[in-house]
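Below: the structure, in structure tokens.
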Amino acid sequence: MVGVKDVVHVDGMPTRAGSDVPAEVLAGAEASVVGRLREAGALVAGKTVTAEFAVTAPGPTRNPRHLGHTPGGSSSGSAAAVAAGMVPLAVGTQTIGSMIRPAAYCGVVGFKPTHGRIPSDGVIPNAPTFDTVGLFAPDVATLAPAAAVLCHGWRASGEGGETAGRRPVLALPLGPYLDRADAEARSSFEERAGHLAAAGFTVRRVPFPDDFERVVAEQRVINRYELARSHAVWFPRHGERYREQTVAAIREGQRMSHDAYAAALRARADFRERLVAAMDRDGIDLWITPAATGPAPYGLKSTGNSVMSLPWSYAGAPALALPAGRAANSLPLGVQCVARPGADERLLGWAPDVESVLVGASAPV
């Protein structure tokens with residue numbers, strides 16, 4: 001049984017994208033990701049709630065770990081459905097932090113593959129050069145077989161000695177990026193990094209990226225510019241039905257010039273090259289970071305802060321959120337593992353070893 005985020009078309013089920021726009025306006029052919037799941041024997045249990053058009057206006061879903069807190073966004077329904085035990089697997093999408101953050105907030109595993117590894121046809125776009133289809137599950141063992149079915153050109157993780165016989169070298173990206181995590185999340189993350197080192201993992205501390213504020217700004221240009229173009233037909237006809245957060249984002253994108261967008265795309269390509277070069281230079285297999293800036297915030301008016309996912313989504317790199325203990329208020333915390341673009345098999349091949357240490361570190365004594 002699988003839940004499917006309501007920006008992904010499923011035959012026989014209307015797609016509303018969390019909006020008041022009529023379903024017939026948004027209708028389209030069933031997404032390839034759903035077809036692949038069906039061919040593998042999955043049954044679609046139903047659609048899951050999304051923030052409006054997978055942007056920021058939250059849906060009604062609450063966090064199963066504490067109903068007064070947000071489940072995150074925009075893939076809120078998919079993360080919550082897995083956390084509540086409604087389905088063992090759910091499909092989500094991530095533009096910036098729409099899977100990794102909800103996974104952390106709800107205490108489940110979330111996988112955002114390399115951009116483009118899972119086909120995105122049949123998915124209502126937000127920003128197409130960022131939008132990535134991914135998965136939620138209660139653990140890596142449940143998620144990994146589905147990833148192998150869905151990701152294009154999947155190779156067994158042990159082929160050619162990719163992950164067999166060695167543990168990955170882990171790196172903490174020191175600097176203004178990591179400083180965005182709140183004190184509790186940072187303290188918990190440092191403790192988990194210590195557990196990984198004690199378990200035999202090599203853990204390095206590497207300053208990166210040093211121009212994080214520029215990365216944030218360039219990402220926003222690309223995201224908003226593409227969002228406005230994605231809604232170039234629907235918004236003029238149905239804009240009165242859009243929520244104010246979505247309207248503001250689209251209006252911002254409409255004001256952005258093509259020259260600014262083209263410059264931001266060049267900056268992104270440069271950042272991706274620098275990311276890979278840093279991993280080569282320092283012998284890094286996986287970056288590890290907090291999966292969110294802290295536990296799920298109280299209230300349902302916001303989906304939380306996506307900044308811990310931002311540079312990795314900006315680069316199109318694969319990322320995995322793993323549950324990693326709880327905050328003082330008992331809400332889940334998570335650790336994010338990030339591989340170089342295209343190394344999805346290695347990421348999931350190494351994930352069980354990392355997961356076992358994090359689970360052991362979180363178990364009551």
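Ordered as shown in the structure tokens, chains take letters A, B, and onward, while each chain numbers its residues from 1 and ligands are numbered from 1 in the order shown.
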
Taking only residues of region 132-231 of chain A that have an atom at most 10 Å from an atom of region 86-94 of chain A, what is each one's shortest atom pair and its distance in Å to one decimal, using only C-alpha atoms, in chain and number order, as CSV?
```
residue,atom,partner,partner_atom,distance
A:Thr132,CA,A:Gln94,CA,5.2
A:Val133,CA,A:Thr93,CA,4.4
A:Gly134,CA,A:Gly92,CA,5.3
A:Leu135,CA,A:Val91,CA,4.7
A:Phe136,CA,A:Ala90,CA,5.1
A:Ala137,CA,A:Leu89,CA,4.8
A:Pro138,CA,A:Pro88,CA,6.7
A:Asp139,CA,A:Pro88,CA,9.2
A:Thr142,CA,A:Pro88,CA,7.5
A:Leu143,CA,A:Leu89,CA,7.2
A:Ala146,CA,A:Leu89,CA,8.5
```

So that I can check the surroundings of Ala147 (chain A), please list as a CSV table (one decimal) with all heavy atoms, in the first residue's frame every protein, DNA and RNA residue that reaches within 12 Å of it, counting only C-alpha atoms and ignoring chain neighbours fewer than 4 positions away.
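Generated output (out-v7.csv):
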```csv
chain,number,residue,atom,x,y,z
A,33,VAL,N,5.9,7.4,-12.1
A,33,VAL,CA,6.3,6.9,-10.8
A,33,VAL,C,5.2,6.0,-10.2
A,33,VAL,O,5.4,4.9,-9.6
A,33,VAL,CB,6.6,8.0,-9.8
A,33,VAL,CG1,5.4,8.9,-9.5
A,33,VAL,CG2,7.1,7.4,-8.5
A,36,ARG,N,5.1,2.7,-12.3
A,36,ARG,CA,6.2,1.8,-11.9
A,36,ARG,C,5.9,1.1,-10.6
A,36,ARG,O,6.1,-0.1,-10.4
A,36,ARG,CB,7.5,2.5,-11.8
A,36,ARG,CG,8.1,3.0,-13.1
A,36,ARG,CD,9.5,3.6,-12.9
A,36,ARG,NE,10.0,4.1,-14.2
A,36,ARG,CZ,11.2,4.6,-14.4
A,36,ARG,NH1,12.0,4.7,-13.4
A,36,ARG,NH2,11.6,5.1,-15.6
A,37,LEU,N,5.2,1.8,-9.7
A,37,LEU,CA,4.8,1.2,-8.4
A,37,LEU,C,3.8,0.1,-8.7
A,37,LEU,O,3.8,-1.0,-8.1
A,37,LEU,CB,4.4,2.2,-7.4
A,37,LEU,CG,5.4,3.1,-6.8
A,37,LEU,CD1,4.8,4.3,-6.1
A,37,LEU,CD2,6.3,2.3,-5.8
A,40,ALA,N,5.1,-3.0,-10.0
A,40,ALA,CA,5.9,-3.8,-8.9
A,40,ALA,C,4.9,-4.4,-7.9
A,40,ALA,O,5.4,-5.1,-7.0
A,40,ALA,CB,6.9,-2.9,-8.2
A,89,LEU,N,4.6,3.1,2.9
A,89,LEU,CA,5.4,3.7,1.8
A,89,LEU,C,4.6,4.9,1.3
A,89,LEU,O,3.4,4.7,1.1
A,89,LEU,CB,5.8,2.8,0.7
A,89,LEU,CG,6.7,3.3,-0.4
A,89,LEU,CD1,8.2,3.4,0.2
A,89,LEU,CD2,6.7,2.4,-1.6
A,90,ALA,N,5.2,6.0,1.0
A,90,ALA,CA,4.5,7.2,0.5
A,90,ALA,C,5.4,7.9,-0.5
A,90,ALA,O,6.6,8.0,-0.3
A,90,ALA,CB,4.0,8.1,1.5
A,91,VAL,N,4.8,8.4,-1.5
A,91,VAL,CA,5.5,9.3,-2.5
A,91,VAL,C,5.4,10.7,-2.2
A,91,VAL,O,4.3,11.2,-1.8
A,91,VAL,CB,4.9,9.0,-3.9
A,91,VAL,CG1,5.5,10.0,-5.0
A,91,VAL,CG2,5.1,7.6,-4.4
A,110,GLY,N,13.2,9.6,5.0
A,110,GLY,CA,12.8,10.3,3.7
A,110,GLY,C,13.9,10.3,2.8
A,110,GLY,O,15.1,10.6,3.1
A,111,PHE,N,13.7,10.0,1.5
A,111,PHE,CA,14.7,9.9,0.5
A,111,PHE,C,14.4,10.8,-0.7
A,111,PHE,O,13.4,10.6,-1.3
A,111,PHE,CB,14.8,8.4,0.0
A,111,PHE,CG,15.7,8.2,-1.2
A,111,PHE,CD1,17.0,8.7,-1.2
A,111,PHE,CD2,15.2,7.6,-2.3
A,111,PHE,CE1,17.8,8.5,-2.3
A,111,PHE,CE2,16.0,7.3,-3.4
A,111,PHE,CZ,17.3,7.8,-3.4
A,112,LYS,N,15.3,11.8,-0.9
A,112,LYS,CA,15.2,12.6,-2.1
A,112,LYS,C,16.4,12.2,-3.0
A,112,LYS,O,17.5,12.5,-2.7
A,112,LYS,CB,15.3,14.1,-1.7
A,112,LYS,CG,15.2,15.0,-2.9
A,112,LYS,CD,16.0,16.3,-2.8
A,112,LYS,CE,17.4,16.1,-3.2
A,112,LYS,NZ,17.6,16.1,-4.7
A,113,PRO,N,16.1,11.6,-4.1
A,113,PRO,CA,17.2,11.1,-5.0
A,113,PRO,C,17.8,12.3,-5.7
A,113,PRO,O,17.4,13.4,-5.6
A,113,PRO,CB,16.5,10.1,-5.9
A,113,PRO,CG,15.0,10.6,-5.9
A,113,PRO,CD,14.8,11.1,-4.6
A,114,THR,N,18.8,11.9,-6.5
A,114,THR,CA,19.4,12.9,-7.4
A,114,THR,C,18.3,13.4,-8.3
A,114,THR,O,17.5,12.7,-8.8
A,114,THR,CB,20.5,12.2,-8.3
A,114,THR,OG1,21.6,11.8,-7.4
A,114,THR,CG2,21.1,13.2,-9.3
A,117,ARG,N,16.5,11.3,-11.2
A,117,ARG,CA,16.6,9.9,-11.1
A,117,ARG,C,15.2,9.2,-11.2
A,117,ARG,O,15.1,8.1,-11.7
A,117,ARG,CB,17.4,9.4,-9.9
A,117,ARG,CG,18.8,9.5,-9.9
A,117,ARG,CD,19.5,8.7,-11.0
A,117,ARG,NE,19.4,7.2,-10.9
A,117,ARG,CZ,20.2,6.4,-10.3
A,117,ARG,NH1,21.2,6.9,-9.5
A,117,ARG,NH2,20.1,5.1,-10.3
A,118,ILE,N,14.2,9.7,-10.5
A,118,ILE,CA,12.9,9.2,-10.6
A,118,ILE,C,12.1,10.1,-11.6
A,118,ILE,O,12.1,11.4,-11.4
A,118,ILE,CB,12.2,9.2,-9.2
A,118,ILE,CG1,12.9,8.2,-8.3
A,118,ILE,CG2,10.7,8.8,-9.4
A,118,ILE,CD1,12.3,8.1,-6.9
A,119,PRO,N,11.4,9.6,-12.6
A,119,PRO,CA,10.8,10.5,-13.6
A,119,PRO,C,9.7,11.3,-12.9
A,119,PRO,O,9.0,10.9,-12.0
A,119,PRO,CB,10.1,9.5,-14.5
A,119,PRO,CG,10.1,8.2,-13.8
A,119,PRO,CD,11.2,8.2,-12.9
A,133,VAL,N,11.1,13.8,-7.3
A,133,VAL,CA,10.1,12.8,-6.7
A,133,VAL,C,10.9,11.9,-5.8
A,133,VAL,O,12.0,11.4,-6.1
A,133,VAL,CB,9.4,12.0,-7.8
A,133,VAL,CG1,8.5,10.9,-7.2
A,133,VAL,CG2,8.7,12.9,-8.8
A,134,GLY,N,10.4,11.6,-4.6
A,134,GLY,CA,11.1,10.8,-3.6
A,134,GLY,C,10.1,10.0,-2.8
A,134,GLY,O,8.9,9.9,-3.1
A,135,LEU,N,10.6,9.4,-1.7
A,135,LEU,CA,9.9,8.4,-0.9
A,135,LEU,C,10.0,8.6,0.6
A,135,LEU,O,11.0,9.1,1.1
A,135,LEU,CB,10.4,7.0,-1.3
A,135,LEU,CG,10.2,6.5,-2.7
A,135,LEU,CD1,11.1,5.3,-2.9
A,135,LEU,CD2,8.8,6.2,-3.0
A,136,PHE,N,9.0,8.2,1.3
A,136,PHE,CA,9.0,8.1,2.8
A,136,PHE,C,8.7,6.6,3.2
A,136,PHE,O,7.9,5.9,2.5
A,136,PHE,CB,7.9,8.9,3.4
A,136,PHE,CG,8.0,10.4,3.2
A,136,PHE,CD1,7.3,11.1,2.1
A,136,PHE,CD2,8.8,11.2,4.0
A,136,PHE,CE1,7.4,12.4,2.0
A,136,PHE,CE2,8.9,12.6,3.9
A,136,PHE,CZ,8.2,13.2,2.8
A,137,ALA,N,9.3,6.2,4.2
A,137,ALA,CA,9.1,4.9,4.8
A,137,ALA,C,9.5,4.9,6.3
A,137,ALA,O,10.2,5.8,6.7
A,137,ALA,CB,9.9,3.8,4.0
A,140,VAL,N,14.9,2.2,6.5
A,140,VAL,CA,15.7,2.1,5.2
A,140,VAL,C,15.3,0.8,4.5
A,140,VAL,O,15.2,0.7,3.3
A,140,VAL,CB,17.2,2.2,5.4
A,140,VAL,CG1,17.9,1.9,4.1
A,140,VAL,CG2,17.5,3.6,5.9
A,141,ALA,N,15.1,-0.3,5.3
A,141,ALA,CA,14.9,-1.6,4.7
A,141,ALA,C,13.6,-1.6,3.9
A,141,ALA,O,13.4,-2.3,2.9
A,141,ALA,CB,14.8,-2.7,5.8
A,142,THR,N,12.6,-0.8,4.3
A,142,THR,CA,11.3,-0.7,3.6
A,142,THR,C,11.5,0.2,2.4
A,142,THR,O,10.9,-0.1,1.3
A,142,THR,CB,10.2,-0.2,4.5
A,142,THR,OG1,10.1,-1.0,5.6
A,142,THR,CG2,8.9,-0.1,3.8
A,143,LEU,N,12.3,1.2,2.5
A,143,LEU,CA,12.4,2.2,1.4
A,143,LEU,C,13.3,1.8,0.3
A,143,LEU,O,13.0,2.0,-0.9
A,143,LEU,CB,12.9,3.5,2.0
A,143,LEU,CG,13.0,4.7,1.1
A,143,LEU,CD1,12.8,6.0,1.9
A,143,LEU,CD2,14.4,4.9,0.4
A,151,CYS,N,14.1,4.4,-9.4
A,151,CYS,CA,15.2,5.2,-9.9
A,151,CYS,C,15.7,4.7,-11.2
A,151,CYS,O,15.9,3.4,-11.4
A,151,CYS,CB,16.3,5.3,-8.9
A,151,CYS,SG,16.0,6.3,-7.4
A,152,HIS,N,15.8,5.5,-12.2
A,152,HIS,CA,16.3,5.1,-13.5
A,152,HIS,C,17.7,4.6,-13.4
A,152,HIS,O,18.6,5.1,-12.8
A,152,HIS,CB,16.3,6.3,-14.5
A,152,HIS,CG,16.8,6.0,-15.8
A,152,HIS,ND1,16.1,5.2,-16.7
A,152,HIS,CD2,17.9,6.4,-16.5
A,152,HIS,CE1,16.8,5.1,-17.9
A,152,HIS,NE2,17.9,5.8,-17.7
A,153,GLY,N,17.9,3.4,-14.1
A,153,GLY,CA,19.3,2.8,-14.2
A,153,GLY,C,19.9,2.4,-12.9
A,153,GLY,O,21.1,2.4,-12.7
A,154,TRP,N,19.0,1.9,-12.0
A,154,TRP,CA,19.5,1.5,-10.6
A,154,TRP,C,20.5,0.4,-10.7
A,154,TRP,O,20.3,-0.6,-11.4
A,154,TRP,CB,18.3,1.1,-9.7
A,154,TRP,CG,18.7,0.9,-8.3
A,154,TRP,CD1,19.1,-0.2,-7.7
A,154,TRP,CD2,18.9,2.0,-7.3
A,154,TRP,NE1,19.4,0.0,-6.4
A,154,TRP,CE2,19.3,1.3,-6.1
A,154,TRP,CE3,18.6,3.3,-7.3
A,154,TRP,CZ2,19.5,2.0,-4.9
A,154,TRP,CZ3,18.8,4.0,-6.1
A,154,TRP,CH2,19.2,3.4,-4.9
A,155,ARG,N,21.6,0.5,-10.0
A,155,ARG,CA,22.6,-0.5,-9.9
A,155,ARG,C,22.7,-1.0,-8.4
A,155,ARG,O,22.6,-0.2,-7.5
A,155,ARG,CB,24.0,0.0,-10.2
A,155,ARG,CG,24.1,0.7,-11.6
A,155,ARG,CD,25.4,1.4,-11.8
A,155,ARG,NE,25.8,2.3,-10.7
A,155,ARG,CZ,25.4,3.5,-10.6
A,155,ARG,NH1,24.6,4.0,-11.5
A,155,ARG,NH2,25.8,4.3,-9.6
A,156,ALA,N,22.8,-2.3,-8.2
A,156,ALA,CA,23.0,-2.9,-6.9
A,156,ALA,C,24.1,-2.2,-6.2
A,156,ALA,O,25.2,-2.0,-6.8
A,156,ALA,CB,23.2,-4.4,-6.9
A,157,SER,N,23.9,-1.8,-4.9
A,157,SER,CA,24.9,-1.0,-4.3
A,157,SER,C,26.3,-1.7,-4.1
A,157,SER,O,27.3,-1.0,-3.9
A,157,SER,CB,24.4,-0.5,-2.9
A,157,SER,OG,24.2,-1.7,-2.1
A,318,PRO,N,21.6,13.7,-4.0
A,318,PRO,CA,20.6,12.8,-3.3
A,318,PRO,C,20.8,13.0,-1.7
A,318,PRO,O,21.9,13.1,-1.2
A,318,PRO,CB,21.1,11.4,-3.7
A,318,PRO,CG,22.5,11.6,-4.0
A,318,PRO,CD,22.7,12.9,-4.6
A,320,LEU,N,19.1,11.8,2.3
A,320,LEU,CA,18.3,10.9,3.1
A,320,LEU,C,18.2,11.4,4.5
A,320,LEU,O,19.2,11.8,5.1
A,320,LEU,CB,19.1,9.5,3.1
A,320,LEU,CG,18.3,8.3,3.8
A,320,LEU,CD1,17.2,7.8,2.9
A,320,LEU,CD2,19.3,7.2,4.1
A,344,ASP,N,23.2,7.7,-5.7
A,344,ASP,CA,22.0,7.3,-4.9
A,344,ASP,C,22.2,5.9,-4.4
A,344,ASP,O,21.9,5.6,-3.2
A,344,ASP,CB,20.8,7.4,-5.7
A,344,ASP,CG,20.5,8.7,-6.4
A,344,ASP,OD1,21.3,9.1,-7.3
A,344,ASP,OD2,19.6,9.4,-6.0
A,345,GLU,N,22.8,5.0,-5.2
A,345,GLU,CA,23.0,3.6,-4.8
A,345,GLU,C,24.0,3.6,-3.6
A,345,GLU,O,23.7,2.8,-2.6
A,345,GLU,CB,23.6,2.8,-5.9
A,345,GLU,CG,22.6,2.6,-7.1
A,345,GLU,CD,22.6,3.7,-8.1
A,345,GLU,OE1,23.2,4.8,-7.9
A,345,GLU,OE2,22.0,3.5,-9.2
A,347,LEU,N,24.5,6.0,-1.4
A,347,LEU,CA,23.8,6.5,-0.3
A,347,LEU,C,23.0,5.5,0.4
A,347,LEU,O,23.0,5.3,1.7
A,347,LEU,CB,23.0,7.7,-0.7
A,347,LEU,CG,22.1,8.4,0.3
A,347,LEU,CD1,22.9,9.0,1.5
A,347,LEU,CD2,21.2,9.5,-0.3
A,348,LEU,N,22.1,4.8,-0.3
A,348,LEU,CA,21.2,3.8,0.3
A,348,LEU,C,22.0,2.5,0.7
A,348,LEU,O,21.6,1.8,1.6
A,348,LEU,CB,20.1,3.5,-0.6
A,348,LEU,CG,19.0,4.6,-0.8
A,348,LEU,CD1,17.8,4.1,-1.6
A,348,LEU,CD2,18.6,5.2,0.6
A,349,GLY,N,23.1,2.3,0.0
A,349,GLY,CA,23.9,1.1,0.4
A,349,GLY,C,24.6,1.3,1.7
A,349,GLY,O,24.7,0.3,2.5
```

Contacts of Arg180 (chain A) at 10 Å (only C-alpha atoms; same-chain gap of 6+ positions) as JSON, numbers by chain: {"A": [186, 290, 292, 293, 294, 305, 307, 308]}

Shell of 8 Å around Ala249 (chain A), only C-alpha atoms, local chain residues under 6 positions omitted, as an NGL selection string: :A and (224 or 227-228)

Best match for closeness to Gly59 (chain A) among A:Leu310, A:Leu174, A:Ala17, A:Ala45, counting only C-alpha atoms: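 Checking each of A:Leu310, A:Leu174, A:Ala17, A:Ala45 against Gly59 (chain A), counting only C-alpha atoms, the winner is A:Ala17.
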
Residues near Pro64 (chain A), cut-off 9 Å, only C-alpha atoms, skip fewer than 2 positions along chain, as a VMD selection string: chain A and resid 61 to 62 66 to 67 69 71 80 to 81 83 to 84 106

What does the file look like for those residues with N, CA and C atoms, as an mmCIF file, in the first residue's frame?
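Contents of part.cif, as written:
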```cif
data_model
loop_
_atom_site.group_PDB
_atom_site.id
_atom_site.type_symbol
_atom_site.label_atom_id
_atom_site.label_comp_id
_atom_site.auth_asym_id
_atom_site.auth_seq_id
_atom_site.Cartn_x
_atom_site.Cartn_y
_atom_site.Cartn_z
ATOM 1 N N THR A 61 -3.045 18.836 7.452
ATOM 2 C CA THR A 61 -2.403 17.710 8.124
ATOM 3 C C THR A 61 -1.684 18.157 9.392
ATOM 4 N N ARG A 62 -1.807 17.334 10.440
ATOM 5 C CA ARG A 62 -1.118 17.590 11.701
ATOM 6 C C ARG A 62 -0.036 16.535 11.911
ATOM 7 N N HIS A 66 2.743 14.833 17.627
ATOM 8 C CA HIS A 66 2.120 15.809 18.524
ATOM 9 C C HIS A 66 1.201 16.655 17.660
ATOM 10 N N LEU A 67 -0.101 16.506 17.879
ATOM 11 C CA LEU A 67 -1.080 17.067 16.941
ATOM 12 C C LEU A 67 -1.075 18.587 16.894
ATOM 13 N N HIS A 69 1.555 20.385 16.451
ATOM 14 C CA HIS A 69 2.741 20.827 15.720
ATOM 15 C C HIS A 69 2.623 20.507 14.230
ATOM 16 N N PRO A 71 3.539 19.047 10.569
ATOM 17 C CA PRO A 71 4.263 17.887 10.054
ATOM 18 C C PRO A 71 5.328 18.286 9.050
ATOM 19 N N ALA A 80 3.292 12.258 7.240
ATOM 20 C CA ALA A 80 2.402 11.965 8.365
ATOM 21 C C ALA A 80 1.733 10.610 8.202
ATOM 22 N N ALA A 81 1.374 10.237 6.980
ATOM 23 C CA ALA A 81 0.711 8.952 6.751
ATOM 24 C C ALA A 81 1.626 7.794 7.132
ATOM 25 N N ALA A 83 4.236 8.056 9.281
ATOM 26 C CA ALA A 83 4.467 8.149 10.723
ATOM 27 C C ALA A 83 3.291 7.605 11.529
ATOM 28 N N ALA A 84 2.083 7.782 11.009
ATOM 29 C CA ALA A 84 0.880 7.312 11.705
ATOM 30 C C ALA A 84 0.592 5.839 11.447
ATOM 31 N N CYS A 106 8.453 14.268 11.493
ATOM 32 C CA CYS A 106 7.538 13.165 11.803
ATOM 33 C C CYS A 106 8.251 11.898 12.250
#
```

Contact table region 216-240 of chain A vs region 271-281 of chain A, cut-off 12 Å, shortest pair per residue, only C-alpha atoms, as CSV:
```
residue,atom,partner,partner_atom,distance
A:Val216,CA,A:Phe271,CA,11.6
A:Glu218,CA,A:Phe271,CA,10.5
A:Gln219,CA,A:Phe271,CA,11.0
```

Interatomic distance, CA of Ala217 (chain A) to CA of Ala267 (chain A) (Å, one decimal):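 A separation of 10.5 Å between them.
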
Separation of CA of Val44 (chain A) from CA of Gly122 (chain A), in Å and rounded to one decimal: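 It comes out at 15.5 Å.
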
Spatial neighbours of Ala264 (chain A), 12 Å, only C-alpha atoms, chain gap at least 6 places, as a PyMOL selection string: chain A and resi 129+214-226+256-258+270-271+314

Output file for the selection above: C-alpha atoms, as a compact mmCIF listing (two decimals), in the first residue's frame:
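Saved to result11.txt:
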```
# COMPACT_ATOMS: atom_id res chain seq x y z
CA THR A 129 14.96 22.21 -12.35
CA ARG A 214 24.72 33.80 -2.05
CA VAL A 215 23.53 30.21 -2.52
CA VAL A 216 20.31 31.07 -0.66
CA ALA A 217 19.72 34.12 -2.85
CA GLU A 218 20.44 32.38 -6.16
CA GLN A 219 18.23 29.44 -5.23
CA ARG A 220 15.35 31.80 -4.59
CA VAL A 221 15.74 33.44 -8.00
CA ILE A 222 15.59 30.09 -9.80
CA ASN A 223 12.73 28.78 -7.67
CA ARG A 224 10.49 31.83 -7.95
CA TYR A 225 11.22 32.43 -11.65
CA GLU A 226 10.32 28.83 -12.53
CA MET A 256 12.45 38.45 -11.97
CA SER A 257 14.30 38.95 -15.23
CA HIS A 258 15.52 36.22 -17.54
CA ASP A 270 29.46 26.35 -10.38
CA PHE A 271 28.28 25.38 -6.88
CA TYR A 314 20.32 23.45 -5.09
```

Polymer residues at most 12 Å from Leu170 (chain A), only C-alpha atoms, same-chain spacing of 2 or more positions, as a PyMOL selection string: chain A and resi 167-168+172-173+193-194+196-197+200-206+279+282-289+336-339+347+350-351+354

One-decimal distance in Å that lies between CA of Glu30 (chain A) and CA of Tyr242 (chain A): 24.0 Å
